[in-house]
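Below: one structure, written as structure tokens.
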Amino acid sequence: MQAQSLAMVQPHDFCESTFLELLREDIGSKNYESWFLNKVSLTTEQDELCIAVGSPFLLSWMQKQFRTPLSKLAHHFLGASARVSFHVDASLIEKSRPTVKIPAVKSAPAPGLPAEVSLAALQMKVPAKATSATASPAPVAPKALPQPSQARRTGRKFASLNDFISGKSNELAYTAALQAVQFPGERFNPLYLHGSVGLGKTHLLEGIYKAIRHFHPNLNVMMLNAESFANYFSLALRDRTLAAFRHKFRNVDVLLVDDIDFLENKKVMQEEFLHTFRQLDAKGCQIVLTSDRHPRLLTKTSTELTSRFLSGLVCKIEAPDKTTREQIVEHKARQMGSPLSSSVLKFVASRFQQNVRELEGALNCLETHRMLEASQKLSVNSARKILSDLERDCVRIVRMADVDSIVAEFFGITPEEIKSKSRSRKVSLPRMIAIYLTRKLTEAAYKDIGEHFGGRNHSTVMSAEKKIIKSLEKEEVFKLAMREWPARELVDTLERRLLSA
């Protein structure tokens, strides 16, 4: 019966009532009425079915007992790559809570007592024995507890372009994002945003997604990260549903992919993404990608795919300057409702210069200390002490072995080759970069660095350092393995990897 009903439903047309009716047929009326009827709510977000339940116990039970039938139906309605997720929504408890009738008693009821009361009214405990017929101990007033919040938000909360603070470091990327929203597929296609972590790449991507859905409701917009694309592809290969997978990804109007560098060194997945890219580009669909590196620095990505990334507009997002950081901190403080003074906010902006997440973390830290001290104001001296403790706990010690390991991995050679006597271009450039980064990040003596890199003397180490500094100052481009890499981008990328490893 259930199979016949499924055959009558068109895939990808989600209807909650139809879904629940088919679920009733699959699991039986008794199970459905006991666990689902008026006890759950369903929402969908692209290919994800979100099921809200009233308590952690129900969530655990649902996952164990009903995940299989729910997944089967989700795949039919939302496609082969559909996912099922569960979360707790406390508001469902009140909706499903039964009404209890108080049994009749011989004595006259107290004046004004209602005939029916909810379970919530029966929370008061009655002592087994009264200590006195005429007096009873006064009840202890419970501590004030925060009121339960409204229904829990379902689905993902996307950032808005209105909340993005634009400055010299990200002005080009922000302008390109606005153009992609206003003219999807017509300008800057593909749009490739790259930069270090915490600088706003995902914020811009989510803002584009939200704005296009608002201003162009007829367009089919899909946003995901490259890891999800890889997972969907692997699932389609396993289940032999590649046709459904390709239909899903090649029939969108706008494709937004975060962290495209995840596909590095995954040749089969790169090939699949390349075919998807070609088809969408041929139809004039808007494509926006983000990465932590410039396309030329994706050393393990196919040349054809890299050339596709370079065919549109490549925008680098850099660390915000002082003015932009101050604007970001003020904006974040307003959103938090924090009464931190402008002098404290300026101090935070001057202290944390690498990315926006550091600024947010510092603000959260200061606000928490302010609340613990029950103070309306926090002085700059207090902020300096609090943030000094935070920075001390997060110090990253870079060792010389870390440098040659990261550099060797990036260039596709071994640490032993970097330390060897070889003077080939394949080895000499990575060696000079490793020596420069070792000197900068470890401040080791020239003699110690020379001994670490194959027993070289201090003058060789000084010469290698000066050559890299000169290349950076002249903004030279390194040519290696049929590619051209800007010296500054290459060195900055390796430095970020060392500091975040």
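Order determines the names: the first chain of the structure tokens is A, the second B, and so forth; residues in each chain are numbered 1 upward, and ligands are numbered 1 upward as they are shown.
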*Do a neighbour search on Pro415 of chain A at 8 Å with only C-alpha atoms, toss out local chain neighbours closer than 3 positions, and write the hits as an NGL selection string.*
:A and (404-405 or 408 or 418-419)
_Polymer residues at most 9 Å from Glu227 of chain A, only C-alpha atoms, same-chain spacing of 4 or more positions, as a list in words_ =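 Returned residues: Asn231, Tyr232, Asp258, Asp259, Ile260, Phe262 and Leu263 of chain A.
Excluding Tyr446 of chain A itself and same-chain residues fewer than 5 positions from it, the residues having an atom within 10 Å of it are Ile435, Thr438, Arg439, Glu451, His452, Arg456, Asn457, His458, Ser459, Thr460, Val461, Met462 and Glu465 of chain A, counting only C-alpha atoms.
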_Exercise: His247 of chain A partners within 10 Å, only C-alpha atoms, chain neighbours under 5 positions left out, as a ChimeraX atom specification_ = /A:79,242,252,276
Tell me which protein, DNA and RNA residues are within 9 Å of Ala333 of chain A, counting only C-alpha atoms, leaving out same-chain ones fewer than 6 positions away, and put them as a CSV table (one decimal) with N, CA and C atoms, in the first residue's frame.
chain,number,residue,atom,x,y,z
A,339,PRO,N,27.6,47.9,27.0
A,339,PRO,CA,27.9,49.3,27.3
A,339,PRO,C,29.4,49.6,27.4
A,340,LEU,N,30.3,48.8,26.7
A,340,LEU,CA,31.7,49.1,26.8
A,340,LEU,C,32.0,50.5,26.2
A,345,LEU,N,36.7,50.0,23.3
A,345,LEU,CA,36.5,49.4,22.0
A,345,LEU,C,37.7,49.8,21.1
A,360,GLU,N,35.7,39.6,17.8
A,360,GLU,CA,34.5,39.1,18.5
A,360,GLU,C,34.8,38.3,19.7
A,363,LEU,N,35.7,40.8,22.5
A,363,LEU,CA,34.5,41.5,23.0
A,363,LEU,C,33.7,40.6,23.9
Could you pull out the residues in segment 337-495 of chain A that DSSP calls helix (DSSP H, G or I) from the backbone, as a PDB file with C-alpha atoms, in the first residue's frame?
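File part-v3.pdb, as written:
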ATOM      1  CA  SER A 342      34.558  53.875  23.079  1.00  0.00           C
ATOM      2  CA  SER A 343      38.060  53.957  24.572  1.00  0.00           C
ATOM      3  CA  VAL A 344      37.850  50.249  25.431  1.00  0.00           C
ATOM      4  CA  LEU A 345      36.500  49.425  21.969  1.00  0.00           C
ATOM      5  CA  LYS A 346      39.356  51.342  20.328  1.00  0.00           C
ATOM      6  CA  PHE A 347      41.819  49.464  22.524  1.00  0.00           C
ATOM      7  CA  VAL A 348      40.353  46.140  21.359  1.00  0.00           C
ATOM      8  CA  ALA A 349      40.611  47.255  17.722  1.00  0.00           C
ATOM      9  CA  SER A 350      44.254  48.215  18.198  1.00  0.00           C
ATOM     10  CA  ARG A 351      45.159  44.985  20.023  1.00  0.00           C
ATOM     11  CA  VAL A 356      37.209  39.605  12.786  1.00  0.00           C
ATOM     12  CA  ARG A 357      36.792  36.465  14.889  1.00  0.00           C
ATOM     13  CA  GLU A 358      39.581  37.635  17.191  1.00  0.00           C
ATOM     14  CA  LEU A 359      37.715  40.908  17.676  1.00  0.00           C
ATOM     15  CA  GLU A 360      34.472  39.068  18.451  1.00  0.00           C
ATOM     16  CA  GLY A 361      36.223  36.773  20.908  1.00  0.00           C
ATOM     17  CA  ALA A 362      37.843  39.699  22.702  1.00  0.00           C
ATOM     18  CA  LEU A 363      34.487  41.502  22.999  1.00  0.00           C
ATOM     19  CA  ASN A 364      32.802  38.369  24.370  1.00  0.00           C
ATOM     20  CA  CYS A 365      35.599  37.954  26.896  1.00  0.00           C
ATOM     21  CA  LEU A 366      35.352  41.561  28.115  1.00  0.00           C
ATOM     22  CA  GLU A 367      31.557  41.480  28.274  1.00  0.00           C
ATOM     23  CA  THR A 368      31.601  38.279  30.330  1.00  0.00           C
ATOM     24  CA  HIS A 369      34.080  39.757  32.831  1.00  0.00           C
ATOM     25  CA  ARG A 370      31.981  42.921  33.055  1.00  0.00           C
ATOM     26  CA  MET A 371      28.894  40.869  33.876  1.00  0.00           C
ATOM     27  CA  LEU A 372      30.770  38.807  36.479  1.00  0.00           C
ATOM     28  CA  VAL A 380      41.012  50.386  29.571  1.00  0.00           C
ATOM     29  CA  ASN A 381      43.467  49.134  32.224  1.00  0.00           C
ATOM     30  CA  SER A 382      41.083  46.338  33.195  1.00  0.00           C
ATOM     31  CA  ALA A 383      40.563  45.435  29.547  1.00  0.00           C
ATOM     32  CA  ARG A 384      44.327  45.359  28.998  1.00  0.00           C
ATOM     33  CA  LYS A 385      44.835  42.904  31.870  1.00  0.00           C
ATOM     34  CA  ILE A 386      41.937  40.651  30.823  1.00  0.00           C
ATOM     35  CA  LEU A 387      43.049  40.481  27.201  1.00  0.00           C
ATOM     36  CA  SER A 388      46.708  39.955  28.155  1.00  0.00           C
ATOM     37  CA  ASP A 389      45.665  36.796  29.987  1.00  0.00           C
ATOM     38  CA  LEU A 390      43.693  35.709  26.930  1.00  0.00           C
ATOM     39  CA  GLU A 391      46.651  36.239  24.590  1.00  0.00           C
ATOM     40  CA  ARG A 392      49.045  34.429  26.931  1.00  0.00           C
ATOM     41  CA  ASP A 393      46.803  31.344  26.892  1.00  0.00           C
ATOM     42  CA  MET A 400      62.116  24.962  13.110  1.00  0.00           C
ATOM     43  CA  ALA A 401      60.889  21.433  12.354  1.00  0.00           C
ATOM     44  CA  ASP A 402      57.366  22.811  11.883  1.00  0.00           C
ATOM     45  CA  VAL A 403      58.588  25.236   9.216  1.00  0.00           C
ATOM     46  CA  ASP A 404      60.412  22.778   6.978  1.00  0.00           C
ATOM     47  CA  SER A 405      57.553  20.267   7.375  1.00  0.00           C
ATOM     48  CA  ILE A 406      54.840  22.743   6.269  1.00  0.00           C
ATOM     49  CA  VAL A 407      56.940  24.190   3.428  1.00  0.00           C
ATOM     50  CA  ALA A 408      57.916  20.733   2.160  1.00  0.00           C
ATOM     51  CA  GLU A 409      54.297  19.561   2.168  1.00  0.00           C
ATOM     52  CA  PHE A 410      53.167  22.657   0.282  1.00  0.00           C
ATOM     53  CA  PHE A 411      55.779  22.256  -2.463  1.00  0.00           C
ATOM     54  CA  PRO A 415      61.966  17.856   4.599  1.00  0.00           C
ATOM     55  CA  GLU A 416      65.091  15.830   3.805  1.00  0.00           C
ATOM     56  CA  GLU A 417      65.241  17.396   0.322  1.00  0.00           C
ATOM     57  CA  ILE A 418      65.044  20.896   1.831  1.00  0.00           C
ATOM     58  CA  ARG A 425      65.127  25.347  -8.454  1.00  0.00           C
ATOM     59  CA  LYS A 426      62.619  22.764  -7.215  1.00  0.00           C
ATOM     60  CA  VAL A 427      64.412  22.644  -3.858  1.00  0.00           C
ATOM     61  CA  SER A 428      66.313  25.930  -3.554  1.00  0.00           C
ATOM     62  CA  LEU A 429      63.254  28.227  -3.560  1.00  0.00           C
ATOM     63  CA  PRO A 430      61.354  26.249  -0.877  1.00  0.00           C
ATOM     64  CA  ARG A 431      64.582  26.162   1.157  1.00  0.00           C
ATOM     65  CA  MET A 432      65.020  29.960   1.003  1.00  0.00           C
ATOM     66  CA  ILE A 433      61.374  30.495   1.967  1.00  0.00           C
ATOM     67  CA  ALA A 434      61.733  28.035   4.867  1.00  0.00           C
ATOM     68  CA  ILE A 435      64.861  29.846   6.083  1.00  0.00           C
ATOM     69  CA  TYR A 436      63.075  33.230   5.874  1.00  0.00           C
ATOM     70  CA  LEU A 437      60.030  31.971   7.807  1.00  0.00           C
ATOM     71  CA  THR A 438      62.210  30.241  10.396  1.00  0.00           C
ATOM     72  CA  ARG A 439      64.091  33.466  11.046  1.00  0.00           C
ATOM     73  CA  LYS A 440      60.869  35.491  11.252  1.00  0.00           C
ATOM     74  CA  LEU A 441      58.749  33.147  13.359  1.00  0.00           C
ATOM     75  CA  THR A 442      61.323  31.538  15.652  1.00  0.00           C
ATOM     76  CA  TYR A 446      71.623  32.304  11.977  1.00  0.00           C
ATOM     77  CA  LYS A 447      74.077  29.647  13.120  1.00  0.00           C
ATOM     78  CA  ASP A 448      71.317  27.423  14.556  1.00  0.00           C
ATOM     79  CA  ILE A 449      69.195  27.826  11.414  1.00  0.00           C
ATOM     80  CA  GLY A 450      72.143  26.913   9.203  1.00  0.00           C
ATOM     81  CA  GLU A 451      72.833  23.768  11.206  1.00  0.00           C
ATOM     82  CA  HIS A 452      69.167  22.762  10.998  1.00  0.00           C
ATOM     83  CA  HIS A 458      75.434  31.724   8.764  1.00  0.00           C
ATOM     84  CA  SER A 459      76.292  33.764   5.637  1.00  0.00           C
ATOM     85  CA  THR A 460      74.265  31.342   3.448  1.00  0.00           C
ATOM     86  CA  VAL A 461      71.287  31.744   5.784  1.00  0.00           C
ATOM     87  CA  MET A 462      71.576  35.557   5.729  1.00  0.00           C
ATOM     88  CA  SER A 463      71.771  35.541   1.913  1.00  0.00           C
ATOM     89  CA  ALA A 464      68.624  33.383   1.597  1.00  0.00           C
ATOM     90  CA  GLU A 465      66.715  35.677   3.977  1.00  0.00           C
ATOM     91  CA  LYS A 466      67.754  38.803   2.054  1.00  0.00           C
ATOM     92  CA  LYS A 467      66.690  37.293  -1.290  1.00  0.00           C
ATOM     93  CA  ILE A 468      63.148  36.567  -0.024  1.00  0.00           C
ATOM     94  CA  ILE A 469      62.858  40.025   1.586  1.00  0.00           C
ATOM     95  CA  LYS A 470      63.934  41.597  -1.705  1.00  0.00           C
ATOM     96  CA  SER A 471      61.354  39.516  -3.635  1.00  0.00           C
ATOM     97  CA  LEU A 472      58.613  40.643  -1.261  1.00  0.00           C
ATOM     98  CA  GLU A 473      59.592  44.297  -1.510  1.00  0.00           C
ATOM     99  CA  ALA A 487      55.713  36.106  -3.668  1.00  0.00           C
ATOM    100  CA  ARG A 488      53.667  37.930  -1.020  1.00  0.00           C
ATOM    101  CA  GLU A 489      50.655  35.634  -1.325  1.00  0.00           C
ATOM    102  CA  LEU A 490      52.797  32.528  -1.229  1.00  0.00           C
ATOM    103  CA  VAL A 491      54.734  33.570   1.878  1.00  0.00           C
ATOM    104  CA  ASP A 492      51.604  34.851   3.664  1.00  0.00           C
ATOM    105  CA  THR A 493      49.792  31.571   2.978  1.00  0.00           C
ATOM    106  CA  LEU A 494      52.620  29.508   4.466  1.00  0.00           C
ATOM    107  CA  GLU A 495      52.883  31.824   7.464  1.00  0.00           C
TER     108      GLU A 495
END
*Counting only C-alpha atoms, figure out which residue out of A:Ser169, A:Arg278, A:Val288, A:Ala243 gets nearest to Met223 of chain A.*
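Closest residue, counting only C-alpha atoms: A:Val288.
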_Point-to-point distance from atom CA of Asn220 of chain A to atom CA of Asn251 of chain A, Å rounded to tenths_ =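 Going from atom CA of Asn220 of chain A over to atom CA of Asn251 of chain A covers 8.1 Å.
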*Selected residue, from A:Gln270, A:Thr324, A:Ser55, A:Gln353, that lies nearest to Lys300 of chain A when counting only C-alpha atoms*: A:Gln270
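One distance worth recording is that between atom CA of Glu304 of chain A and atom CA of His203 of chain A, which is 28.1 Å.
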*For the atom pair atom CA of Gln182 of chain A and atom CA of Ala211 of chain A, what is the interatomic distance in Å to one decimal place?*
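So the two atoms, atom CA of Gln182 of chain A and atom CA of Ala211 of chain A, lie 9.0 Å apart.
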*When distances are computed from only C-alpha atoms, which of A:Pro486, A:Gln335, A:Phe188, A:Phe233 shows the smallest separation from Ala176 of chain A?*
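Closest residue, counting only C-alpha atoms: A:Phe188.
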*Nearby residues (only C-alpha atoms) at most 8 Å from Val221 of chain A, same-chain spacing under 4 positions excluded, as a VMD selection string*: chain A and resid 209 212 to 213 252 to 256
Kindly export the residues of the current selection with N, CA and C atoms, as an mmCIF file, in the first residue's frame.
data_model
loop_
_atom_site.group_PDB
_atom_site.id
_atom_site.type_symbol
_atom_site.label_atom_id
_atom_site.label_comp_id
_atom_site.auth_asym_id
_atom_site.auth_seq_id
_atom_site.Cartn_x
_atom_site.Cartn_y
_atom_site.Cartn_z
ATOM 1 N N TYR A 209 23.577 34.795 -0.748
ATOM 2 C CA TYR A 209 22.491 33.801 -0.764
ATOM 3 C C TYR A 209 21.175 34.428 -0.273
ATOM 4 N N ILE A 212 19.885 37.292 -2.778
ATOM 5 C CA ILE A 212 19.341 36.804 -4.050
ATOM 6 C C ILE A 212 17.989 36.140 -3.831
ATOM 7 N N ARG A 213 17.859 35.391 -2.756
ATOM 8 C CA ARG A 213 16.561 34.769 -2.479
ATOM 9 C C ARG A 213 15.487 35.820 -2.207
ATOM 10 N N VAL A 252 20.481 24.414 -11.088
ATOM 11 C CA VAL A 252 20.300 25.582 -10.229
ATOM 12 C C VAL A 252 20.596 26.834 -11.049
ATOM 13 N N ASP A 253 20.147 27.965 -10.548
ATOM 14 C CA ASP A 253 20.428 29.247 -11.201
ATOM 15 C C ASP A 253 21.620 29.951 -10.569
ATOM 16 N N VAL A 254 21.833 29.677 -9.285
ATOM 17 C CA VAL A 254 22.957 30.279 -8.560
ATOM 18 C C VAL A 254 23.577 29.189 -7.687
ATOM 19 N N LEU A 255 24.900 29.010 -7.815
ATOM 20 C CA LEU A 255 25.611 28.025 -7.005
ATOM 21 C C LEU A 255 26.679 28.743 -6.189
ATOM 22 N N LEU A 256 26.593 28.609 -4.865
ATOM 23 C CA LEU A 256 27.530 29.245 -3.939
ATOM 24 C C LEU A 256 28.253 28.141 -3.169
#
*Determine, counting only C-alpha atoms, which protein, DNA and RNA residues have an atom within 9 Å of an atom of Ser311 of chain A; residues of the same chain fewer than 5 positions away are not included. Present the result as a PyMOL selection string.*
chain A and resi 188-190+306
Take the residues just selected and output them with C-alpha atoms as a PDB file, in the first residue's frame.
ATOM      1  CA  PHE A 188      31.894  38.813 -12.423  1.00  0.00           C
ATOM      2  CA  ASN A 189      31.114  35.181 -13.146  1.00  0.00           C
ATOM      3  CA  PRO A 190      32.543  33.227 -11.485  1.00  0.00           C
ATOM      4  CA  THR A 306      42.004  26.505 -11.871  1.00  0.00           C
TER       5      THR A 306
END
*Please identify which residues in segment 421-492 of chain A DSSP calls strand (DSSP E or B) from the backbone, and express them as a list in words.*
Val477, Phe478, Lys479, Leu480, Arg483, Glu484, Trp485 and Pro486 of chain A
